[in-house]
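Below is one structure, written out as structure tokens; the observations come after it.
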Amino acid sequence: MKTLLSLFFSLAFVVSLSAQGLIVVQNDTSTRTFYTIPEAVAAAVDGDYVYIPGGNLPGFRFGY
């Protein structure tokens, strides 16, 4: 039981260490990262791809 409890807390700790979700703007020649969606969209030009990470993005709501 002690091993199982230790494994559970270790797993919970590792999950909480997830990396910060950066927004990536990419084209044929370069890749740039941003912390907010408005910054990424403002820096994107026609033909760029904007990659948004999954999960909650603080301060941003879709459809409101």
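Just so we're on the same page: first chain in the structure tokens is A, next is B, and so on; residues restart at 1 for each chain, and ligands are numbered from 1 in the order they show up.
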Please provide as an MDAnalysis selection string all residues within 6 Å of Phe34 in chain A, with the sequence filter that same-chain residues fewer than 5 positions apart are discarded (counting only C-alpha atoms).
chainID A and resid 22:23 40
Glu39 in chain A environment, 12 Å, only C-alpha atoms, sequence neighbours closer than 3 positions dropped, as number ranges by chain:
A: 22-25, 32-36, 42-44, 50
Would you output that residue set with N, CA and C atoms, as a PDB file, in the first residue's frame?
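The resulting file, out.pdb, is shown below:
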ATOM      1  N   LEU A  22       2.890  27.281 -25.196  1.00  0.00           N
ATOM      2  CA  LEU A  22       3.194  28.449 -26.023  1.00  0.00           C
ATOM      3  C   LEU A  22       2.420  28.357 -27.322  1.00  0.00           C
ATOM      4  N   ILE A  23       2.046  29.487 -27.862  1.00  0.00           N
ATOM      5  CA  ILE A  23       1.402  29.557 -29.169  1.00  0.00           C
ATOM      6  C   ILE A  23       2.510  29.714 -30.198  1.00  0.00           C
ATOM      7  N   VAL A  24       2.471  28.888 -31.230  1.00  0.00           N
ATOM      8  CA  VAL A  24       3.534  28.875 -32.235  1.00  0.00           C
ATOM      9  C   VAL A  24       2.996  29.410 -33.553  1.00  0.00           C
ATOM     10  N   VAL A  25       3.737  30.325 -34.155  1.00  0.00           N
ATOM     11  CA  VAL A  25       3.435  30.838 -35.497  1.00  0.00           C
ATOM     12  C   VAL A  25       4.551  30.343 -36.405  1.00  0.00           C
ATOM     13  N   ARG A  32       8.116  31.127 -34.698  1.00  0.00           N
ATOM     14  CA  ARG A  32       8.146  32.069 -33.580  1.00  0.00           C
ATOM     15  C   ARG A  32       7.156  31.611 -32.518  1.00  0.00           C
ATOM     16  N   THR A  33       7.456  31.902 -31.259  1.00  0.00           N
ATOM     17  CA  THR A  33       6.564  31.522 -30.166  1.00  0.00           C
ATOM     18  C   THR A  33       6.059  32.756 -29.444  1.00  0.00           C
ATOM     19  N   PHE A  34       4.837  32.647 -28.925  1.00  0.00           N
ATOM     20  CA  PHE A  34       4.180  33.746 -28.227  1.00  0.00           C
ATOM     21  C   PHE A  34       3.458  33.203 -27.010  1.00  0.00           C
ATOM     22  N   TYR A  35       3.212  34.084 -26.035  1.00  0.00           N
ATOM     23  CA  TYR A  35       2.514  33.692 -24.819  1.00  0.00           C
ATOM     24  C   TYR A  35       1.015  33.914 -24.903  1.00  0.00           C
ATOM     25  N   THR A  36       0.566  34.813 -25.781  1.00  0.00           N
ATOM     26  CA  THR A  36      -0.869  35.089 -25.894  1.00  0.00           C
ATOM     27  C   THR A  36      -1.328  34.957 -27.339  1.00  0.00           C
ATOM     28  N   ALA A  42      -1.482  38.848 -34.268  1.00  0.00           N
ATOM     29  CA  ALA A  42      -0.973  40.124 -34.783  1.00  0.00           C
ATOM     30  C   ALA A  42       0.333  39.932 -35.548  1.00  0.00           C
ATOM     31  N   ALA A  43       1.148  38.960 -35.139  1.00  0.00           N
ATOM     32  CA  ALA A  43       2.436  38.737 -35.794  1.00  0.00           C
ATOM     33  C   ALA A  43       2.326  37.837 -37.022  1.00  0.00           C
ATOM     34  N   ALA A  44       1.228  37.116 -37.141  1.00  0.00           N
ATOM     35  CA  ALA A  44       1.055  36.202 -38.275  1.00  0.00           C
ATOM     36  C   ALA A  44       0.746  36.981 -39.543  1.00  0.00           C
ATOM     37  N   VAL A  50      -0.861  29.050 -37.287  1.00  0.00           N
ATOM     38  CA  VAL A  50      -0.851  29.389 -35.865  1.00  0.00           C
ATOM     39  C   VAL A  50      -1.283  28.139 -35.109  1.00  0.00           C
TER      40      VAL A  50
END
re CA of Gly54 in chain A and CA of Ser30 in chain A: distance 22.3 Å
